[in-house]
Amino acid sequence: MGSGAASKKVLPRVPLRPGEGSKDHLTSFEGLAALSLDALSSVAYGPEAIVLVLAAAGTSALGLTLPVTLAIAALLAVLVVSYCQVIAVHPGGGGAYAVGKKDLGATVSLLAAASLVVDYVLTVAVSLAAGAASLASAFPSLDHHLLAICLTGLVLITAVNLWGIAESARVLMAPMVVFLAAIFGVIIVGLMRSHPAAVVGTAEPVRISEAVGVILILKAFSAGCSALTGIEAIANGVPTFRPPRARRAQRTELMLGALLGAMLIGLSVLIRREHLAPRGGVTVLAQLTAGSFGTGWAYYAANIAVTLVLALAANTSFGGLPVLMSLLSDDDRLPHLLGLRAERPVHRYGVITLAVLAGVLLIAVDATTARLIPLYAIGVFIGFTISQTGMVRHWHGQRSRHWRLRAALNGTGAVLTAIAAAVFIASKFTSGAWLVVLVIPALMLLFARIQSYYQAVGLELEIGQLPHRPRPANSLVIVPVSDISKLTEHALHAALSLGNDVIAVSVHPDAAECAAFRADWDRWNPGVRLETLDSPHRSLVHPIVDYVRQAQQGSRQVAVLITEIHPRRWRYRILQNQRGLLLATVLRASTDVVICTIPYRITTR
């Protein structure tokens, strides 16, 4: 280069750590596996829920299964389009919570958050319990070990998600593809047959307890809407996608809507054509599978695929709830710990919290699916309603092009989901829904109290205001010592670099030991003053604490330097540092001094 050219120093490229590159975020197809298994697997119980409700009016009422399913599919289309709009308006994730906070106020956003937390926890419990029950149906010897199966599955899914959301998506892609192939195979082969290949289960008498009417149809509609749970998870987990995040998330939402709608309608067409009624010992989906494939290997393979995906559907919550908890912690409504991420893009503490809550719930109900179903879907319907209503408010305030059409679409969805939520609560209240009605307000109160605490602390700390300029002060560093060794030298060397006045403090139970220690100190002569304290009761902590309290009087800044021995092998750490940890704990509880810890690393053991 010529003399007039500017030189440029090229810095070496630093390799990305795990979680810093796009490879640890989701593509659209990976997002379908990581965040949509809950919704996709709901075809295993959604159509059956409709059939069970309509059967109360006799076999003639089962012909309404297809019209009810078409109404649910129409609502599904409305919700999918709406959540695509939510993703565009709120690309930071949060779904109904983000919409409620922006457009409907603090109280409604708390309701949305509490509802989604309940729904996500129940999704994990229901998915694992249903998967364990299906497995026990194929292998009856496992019937007495359902809870152990659920907890084992919970541990495995938690471990995969702690490793990373992208890794969990890759693990789940193969089961998702097999499941989709099995369901669409049942539909296509079943429609091609002129009559069922086989009939499974035992016939049960149909007991008519209701007449066909608006109430029965509404009950069937709300029960079938359980197939819609999970479609909000993509909007909640937008930050887990690769850039452009919003576009990839919208593409995933549309794929989910198309697949779920096609499966629901296809299965309902088969139910209507075969005049399918509930039978003992088998599910409606198992009956359809036998009608299409017979009872050979394809029947068992399809049922195992359904079982596996039902168990893995819990992963939807692990993709969505930790992101929601992170948003709540950013708003001071949950502990800030839940907003921290590991090196990989994983909200580690949110994942652990979800696993613990789901595990406690499974233990409480002994992994019985029937005891969980009455609690299910209420939270998500409340979230749907809030999201739709908030988008109506958004379009009304923005008044952009075609805003009336968009507002009408979201308003229709809000009315339908509100009706479904009200019917579900009313019909399932005595069966356990009352618990959700109590838990959701309790969570809202918890969020509000945590936020109130953070606000009070912020006022006392004057966060956001300019404080007074700090004033320099003399400092005193106190170093507790028990013997003269390299550890003592290490501690004093660090203390002399921290303050201009250093005192070593040693506690002795008798005068002879004290005199011997002082003689050794004078012979060593480290240049640091030594204070020896008597301890007739052989207490080593309280004499030092009393000394620190006396030294704290005045304007000096007092610091206590505590050494910690770090063995090379972690299993030896329990053998060290007990007195130091106890001293630090007591000092924190009873003084305002600065507590410093300095490690000394052992290299031999």
# chains A, B, ... in the order shown; residues from 1 in each chain; ligands from 1
call {"tool": "residues_around", "arguments": {"residues": "A:Val593", "least_positions_apart": "4", "cutoff": "8 Å", "atoms": "only C-alpha atoms", "output": "PyMOL selection string"}}
result
chain A and resi 552+557-560+587-588
call {"tool": "write_last_selection", "arguments": {"atoms": "all heavy atoms", "output": "PDB file, in the first residue's frame"}}
result
ATOM      1  N   GLN A 552     -17.179  -2.170  62.440  1.00  0.00           N
ATOM      2  CA  GLN A 552     -18.071  -1.496  61.491  1.00  0.00           C
ATOM      3  C   GLN A 552     -18.496  -0.116  61.973  1.00  0.00           C
ATOM      4  O   GLN A 552     -18.969   0.699  61.194  1.00  0.00           O
ATOM      5  CB  GLN A 552     -19.307  -2.375  61.252  1.00  0.00           C
ATOM      6  CG  GLN A 552     -20.085  -2.046  60.005  1.00  0.00           C
ATOM      7  CD  GLN A 552     -21.235  -2.999  59.799  1.00  0.00           C
ATOM      8  OE1 GLN A 552     -21.486  -3.888  60.606  1.00  0.00           O
ATOM      9  NE2 GLN A 552     -21.963  -2.808  58.714  1.00  0.00           N
ATOM     10  N   GLN A 557     -15.264   1.662  55.419  1.00  0.00           N
ATOM     11  CA  GLN A 557     -15.874   0.552  54.704  1.00  0.00           C
ATOM     12  C   GLN A 557     -15.169  -0.730  55.122  1.00  0.00           C
ATOM     13  O   GLN A 557     -13.952  -0.863  54.977  1.00  0.00           O
ATOM     14  CB  GLN A 557     -15.749   0.735  53.187  1.00  0.00           C
ATOM     15  CG  GLN A 557     -16.259  -0.442  52.368  1.00  0.00           C
ATOM     16  CD  GLN A 557     -17.750  -0.636  52.515  1.00  0.00           C
ATOM     17  OE1 GLN A 557     -18.541   0.248  52.179  1.00  0.00           O
ATOM     18  NE2 GLN A 557     -18.156  -1.779  53.029  1.00  0.00           N
ATOM     19  N   VAL A 558     -15.913  -1.665  55.683  1.00  0.00           N
ATOM     20  CA  VAL A 558     -15.339  -2.895  56.193  1.00  0.00           C
ATOM     21  C   VAL A 558     -15.636  -4.031  55.216  1.00  0.00           C
ATOM     22  O   VAL A 558     -16.772  -4.187  54.745  1.00  0.00           O
ATOM     23  CB  VAL A 558     -15.899  -3.239  57.587  1.00  0.00           C
ATOM     24  CG1 VAL A 558     -15.316  -4.565  58.089  1.00  0.00           C
ATOM     25  CG2 VAL A 558     -15.577  -2.117  58.568  1.00  0.00           C
ATOM     26  N   ALA A 559     -14.605  -4.813  54.913  1.00  0.00           N
ATOM     27  CA  ALA A 559     -14.767  -6.004  54.070  1.00  0.00           C
ATOM     28  C   ALA A 559     -14.170  -7.195  54.814  1.00  0.00           C
ATOM     29  O   ALA A 559     -13.166  -7.063  55.518  1.00  0.00           O
ATOM     30  CB  ALA A 559     -14.081  -5.818  52.728  1.00  0.00           C
ATOM     31  N   VAL A 560     -14.797  -8.331  54.664  1.00  0.00           N
ATOM     32  CA  VAL A 560     -14.301  -9.573  55.260  1.00  0.00           C
ATOM     33  C   VAL A 560     -13.926 -10.515  54.117  1.00  0.00           C
ATOM     34  O   VAL A 560     -14.755 -10.813  53.250  1.00  0.00           O
ATOM     35  CB  VAL A 560     -15.355 -10.226  56.174  1.00  0.00           C
ATOM     36  CG1 VAL A 560     -14.811 -11.526  56.754  1.00  0.00           C
ATOM     37  CG2 VAL A 560     -15.757  -9.270  57.295  1.00  0.00           C
ATOM     38  N   LEU A 587     -22.680 -13.436  58.762  1.00  0.00           N
ATOM     39  CA  LEU A 587     -22.329 -12.038  58.481  1.00  0.00           C
ATOM     40  C   LEU A 587     -23.387 -11.372  57.597  1.00  0.00           C
ATOM     41  O   LEU A 587     -23.746 -10.214  57.807  1.00  0.00           O
ATOM     42  CB  LEU A 587     -20.958 -11.968  57.814  1.00  0.00           C
ATOM     43  CG  LEU A 587     -19.753 -12.224  58.722  1.00  0.00           C
ATOM     44  CD1 LEU A 587     -18.480 -12.311  57.893  1.00  0.00           C
ATOM     45  CD2 LEU A 587     -19.625 -11.113  59.769  1.00  0.00           C
ATOM     46  N   ARG A 588     -23.873 -12.097  56.580  1.00  0.00           N
ATOM     47  CA  ARG A 588     -24.905 -11.525  55.710  1.00  0.00           C
ATOM     48  C   ARG A 588     -26.188 -11.229  56.492  1.00  0.00           C
ATOM     49  O   ARG A 588     -26.898 -10.271  56.204  1.00  0.00           O
ATOM     50  CB  ARG A 588     -25.218 -12.481  54.557  1.00  0.00           C
ATOM     51  CG  ARG A 588     -24.128 -12.568  53.514  1.00  0.00           C
ATOM     52  CD  ARG A 588     -24.608 -13.320  52.277  1.00  0.00           C
ATOM     53  NE  ARG A 588     -23.535 -13.493  51.310  1.00  0.00           N
ATOM     54  CZ  ARG A 588     -22.782 -14.559  51.201  1.00  0.00           C
ATOM     55  NH1 ARG A 588     -23.003 -15.593  52.012  1.00  0.00           N
ATOM     56  NH2 ARG A 588     -21.818 -14.631  50.305  1.00  0.00           N
TER      57      ARG A 588
END
call {"tool": "residues_around", "arguments": {"residues": "A:Ala584", "least_positions_apart": "4", "cutoff": "9 Å", "atoms": "only C-alpha atoms", "output": "JSON list (two decimals) with all heavy atoms, in the first residue's frame"}}
result
[["chain", "number", "residue", "atom", "x", "y", "z"],
["A", 560, "VAL", "N", -14.80, -8.33, 54.66],
["A", 560, "VAL", "CA", -14.30, -9.57, 55.26],
["A", 560, "VAL", "C", -13.93, -10.52, 54.12],
["A", 560, "VAL", "O", -14.76, -10.81, 53.25],
["A", 560, "VAL", "CB", -15.35, -10.23, 56.17],
["A", 560, "VAL", "CG1", -14.81, -11.53, 56.75],
["A", 560, "VAL", "CG2", -15.76, -9.27, 57.29],
["A", 562, "ILE", "N", -12.87, -14.15, 52.92],
["A", 562, "ILE", "CA", -12.98, -15.55, 53.33],
["A", 562, "ILE", "C", -12.39, -16.42, 52.22],
["A", 562, "ILE", "O", -12.77, -16.29, 51.05],
["A", 562, "ILE", "CB", -14.44, -15.94, 53.59],
["A", 562, "ILE", "CG1", -15.03, -15.06, 54.70],
["A", 562, "ILE", "CG2", -14.55, -17.42, 53.97],
["A", 562, "ILE", "CD1", -16.52, -15.26, 54.91],
["A", 579, "ARG", "N", -16.81, -23.99, 57.68],
["A", 579, "ARG", "CA", -16.77, -22.84, 58.57],
["A", 579, "ARG", "C", -16.86, -21.52, 57.81],
["A", 579, "ARG", "O", -17.50, -20.57, 58.26],
["A", 579, "ARG", "CB", -15.49, -22.88, 59.41],
["A", 579, "ARG", "CG", -15.55, -23.91, 60.54],
["A", 579, "ARG", "CD", -14.32, -23.87, 61.39],
["A", 579, "ARG", "NE", -13.14, -24.36, 60.67],
["A", 579, "ARG", "CZ", -11.93, -24.50, 61.19],
["A", 579, "ARG", "NH1", -11.72, -24.18, 62.46],
["A", 579, "ARG", "NH2", -10.92, -24.96, 60.47],
["A", 580, "GLY", "N", -16.23, -21.47, 56.64],
["A", 580, "GLY", "CA", -16.31, -20.24, 55.84],
["A", 580, "GLY", "C", -17.73, -19.95, 55.38],
["A", 580, "GLY", "O", -18.18, -18.80, 55.42],
["A", 588, "ARG", "N", -23.87, -12.10, 56.58],
["A", 588, "ARG", "CA", -24.91, -11.52, 55.71],
["A", 588, "ARG", "C", -26.19, -11.23, 56.49],
["A", 588, "ARG", "O", -26.90, -10.27, 56.20],
["A", 588, "ARG", "CB", -25.22, -12.48, 54.56],
["A", 588, "ARG", "CG", -24.13, -12.57, 53.51],
["A", 588, "ARG", "CD", -24.61, -13.32, 52.28],
["A", 588, "ARG", "NE", -23.53, -13.49, 51.31],
["A", 588, "ARG", "CZ", -22.78, -14.56, 51.20],
["A", 588, "ARG", "NH1", -23.00, -15.59, 52.01],
["A", 588, "ARG", "NH2", -21.82, -14.63, 50.30],
["A", 589, "ALA", "N", -26.51, -12.09, 57.47],
["A", 589, "ALA", "CA", -27.76, -11.93, 58.22],
["A", 589, "ALA", "C", -27.67, -10.84, 59.26],
["A", 589, "ALA", "O", -28.71, -10.27, 59.63],
["A", 589, "ALA", "CB", -28.13, -13.26, 58.89],
["A", 595, "ILE", "N", -18.63, -8.88, 51.84],
["A", 595, "ILE", "CA", -18.10, -10.24, 52.03],
["A", 595, "ILE", "C", -17.45, -10.68, 50.73],
["A", 595, "ILE", "O", -18.11, -10.75, 49.68],
["A", 595, "ILE", "CB", -19.22, -11.21, 52.45],
["A", 595, "ILE", "CG1", -19.86, -10.73, 53.76],
["A", 595, "ILE", "CG2", -18.67, -12.62, 52.60],
["A", 595, "ILE", "CD1", -21.08, -11.53, 54.14],
["A", 596, "CYS", "N", -16.17, -10.93, 50.80],
["A", 596, "CYS", "CA", -15.42, -11.38, 49.62],
["A", 596, "CYS", "C", -14.96, -12.82, 49.83],
["A", 596, "CYS", "O", -14.54, -13.19, 50.92],
["A", 596, "CYS", "CB", -14.19, -10.49, 49.40],
["A", 596, "CYS", "SG", -14.53, -8.72, 49.34],
["A", 597, "THR", "N", -15.06, -13.61, 48.79],
["A", 597, "THR", "CA", -14.54, -14.97, 48.84],
["A", 597, "THR", "C", -13.46, -15.12, 47.78],
["A", 597, "THR", "O", -13.61, -14.62, 46.65],
["A", 597, "THR", "CB", -15.65, -16.02, 48.60],
["A", 597, "THR", "OG1", -16.26, -15.77, 47.33],
["A", 597, "THR", "CG2", -16.70, -15.96, 49.70]]
call {"tool": "atom_distance", "arguments": {"atom1": "atom CA of A:Pro480", "atom2": "atom CA of A:Leu492"}}
result
9.9 Å
call {"tool": "closest_residue", "arguments": {"among": "A:Ala433, A:Ile382, A:Leu581, A:Ala71", "to": "A:Ala414", "atoms": "only C-alpha atoms"}}
result
A:Ile382
call {"tool": "closest_residue", "arguments": {"among": "A:Gly554, A:Gly63, A:Gly320, A:Gly100", "to": "A:Val238", "atoms": "only C-alpha atoms"}}
result
A:Gly320
call {"tool": "residues_around", "arguments": {"residues": "A:Arg273", "least_positions_apart": "6", "cutoff": "12 Å", "atoms": "only C-alpha atoms", "output": "ChimeraX atom specification"}}
result
/A:62-66,187,190-196,266-267,288,291
call {"tool": "write_last_selection", "arguments": {"atoms": "N, CA, C and O atoms", "output": "tab-separated table (two decimals), in the first residue's frame"}}
result
chain	number	residue	atom	x	y	z
A	62	LEU	N	-75.25	-39.22	16.40
A	62	LEU	CA	-73.84	-39.28	16.01
A	62	LEU	C	-73.62	-38.75	14.60
A	62	LEU	O	-72.49	-38.42	14.24
A	63	GLY	N	-74.68	-38.63	13.82
A	63	GLY	CA	-74.55	-38.03	12.49
A	63	GLY	C	-74.17	-36.56	12.54
A	63	GLY	O	-73.74	-36.00	11.53
A	64	LEU	N	-74.32	-35.93	13.73
A	64	LEU	CA	-73.95	-34.52	13.87
A	64	LEU	C	-72.45	-34.33	14.07
A	64	LEU	O	-71.99	-33.19	14.17
A	65	THR	N	-71.70	-35.43	14.15
A	65	THR	CA	-70.26	-35.32	14.38
A	65	THR	C	-69.58	-34.49	13.30
A	65	THR	O	-68.75	-33.61	13.59
A	66	LEU	N	-69.93	-34.75	12.03
A	66	LEU	CA	-69.28	-34.02	10.94
A	66	LEU	C	-69.65	-32.54	10.95
A	66	LEU	O	-68.74	-31.68	10.84
A	187	ILE	N	-57.11	-42.33	7.13
A	187	ILE	CA	-58.16	-41.60	6.41
A	187	ILE	C	-58.25	-42.07	4.96
A	187	ILE	O	-59.33	-42.40	4.45
A	190	GLY	N	-59.18	-45.81	4.66
A	190	GLY	CA	-60.56	-45.98	5.12
A	190	GLY	C	-61.58	-45.49	4.10
A	190	GLY	O	-62.62	-46.13	3.89
A	191	LEU	N	-61.28	-44.34	3.44
A	191	LEU	CA	-62.20	-43.81	2.44
A	191	LEU	C	-62.23	-44.70	1.19
A	191	LEU	O	-63.23	-44.73	0.46
A	192	MET	N	-61.14	-45.41	0.94
A	192	MET	CA	-61.09	-46.27	-0.25
A	192	MET	C	-61.83	-47.59	-0.02
A	192	MET	O	-62.23	-48.25	-0.98
A	193	ARG	N	-62.02	-48.00	1.22
A	193	ARG	CA	-62.69	-49.27	1.51
A	193	ARG	C	-64.20	-49.11	1.46
A	193	ARG	O	-64.74	-48.07	1.83
A	194	SER	N	-64.86	-50.17	1.01
A	194	SER	CA	-66.33	-50.15	0.98
A	194	SER	C	-66.93	-50.54	2.32
A	194	SER	O	-68.08	-50.23	2.62
A	195	HIS	N	-66.14	-51.23	3.14
A	195	HIS	CA	-66.60	-51.63	4.48
A	195	HIS	C	-65.38	-51.78	5.37
A	195	HIS	O	-64.25	-51.98	4.88
A	196	PRO	N	-65.53	-51.69	6.69
A	196	PRO	CA	-64.38	-51.79	7.60
A	196	PRO	C	-63.65	-53.12	7.48
A	196	PRO	O	-64.27	-54.17	7.29
A	266	GLY	N	-61.20	-35.33	7.98
A	266	GLY	CA	-61.10	-36.68	7.42
A	266	GLY	C	-61.58	-37.74	8.39
A	266	GLY	O	-62.34	-38.65	8.02
A	267	LEU	N	-61.18	-37.65	9.65
A	267	LEU	CA	-61.60	-38.63	10.64
A	267	LEU	C	-63.10	-38.54	10.89
A	267	LEU	O	-63.79	-39.57	11.07
A	288	LEU	N	-61.21	-46.64	14.11
A	288	LEU	CA	-60.99	-46.19	12.73
A	288	LEU	C	-59.74	-46.85	12.14
A	288	LEU	O	-59.71	-47.22	10.96
A	291	GLY	N	-60.56	-50.34	11.23
A	291	GLY	CA	-61.42	-50.35	10.05
A	291	GLY	C	-60.64	-50.13	8.77
A	291	GLY	O	-61.02	-50.64	7.71
call {"tool": "closest_residue", "arguments": {"among": "A:Ile363, A:Gly58, A:His275, A:Thr289", "to": "A:Ala129", "atoms": "only C-alpha atoms"}}
result
A:Ile363
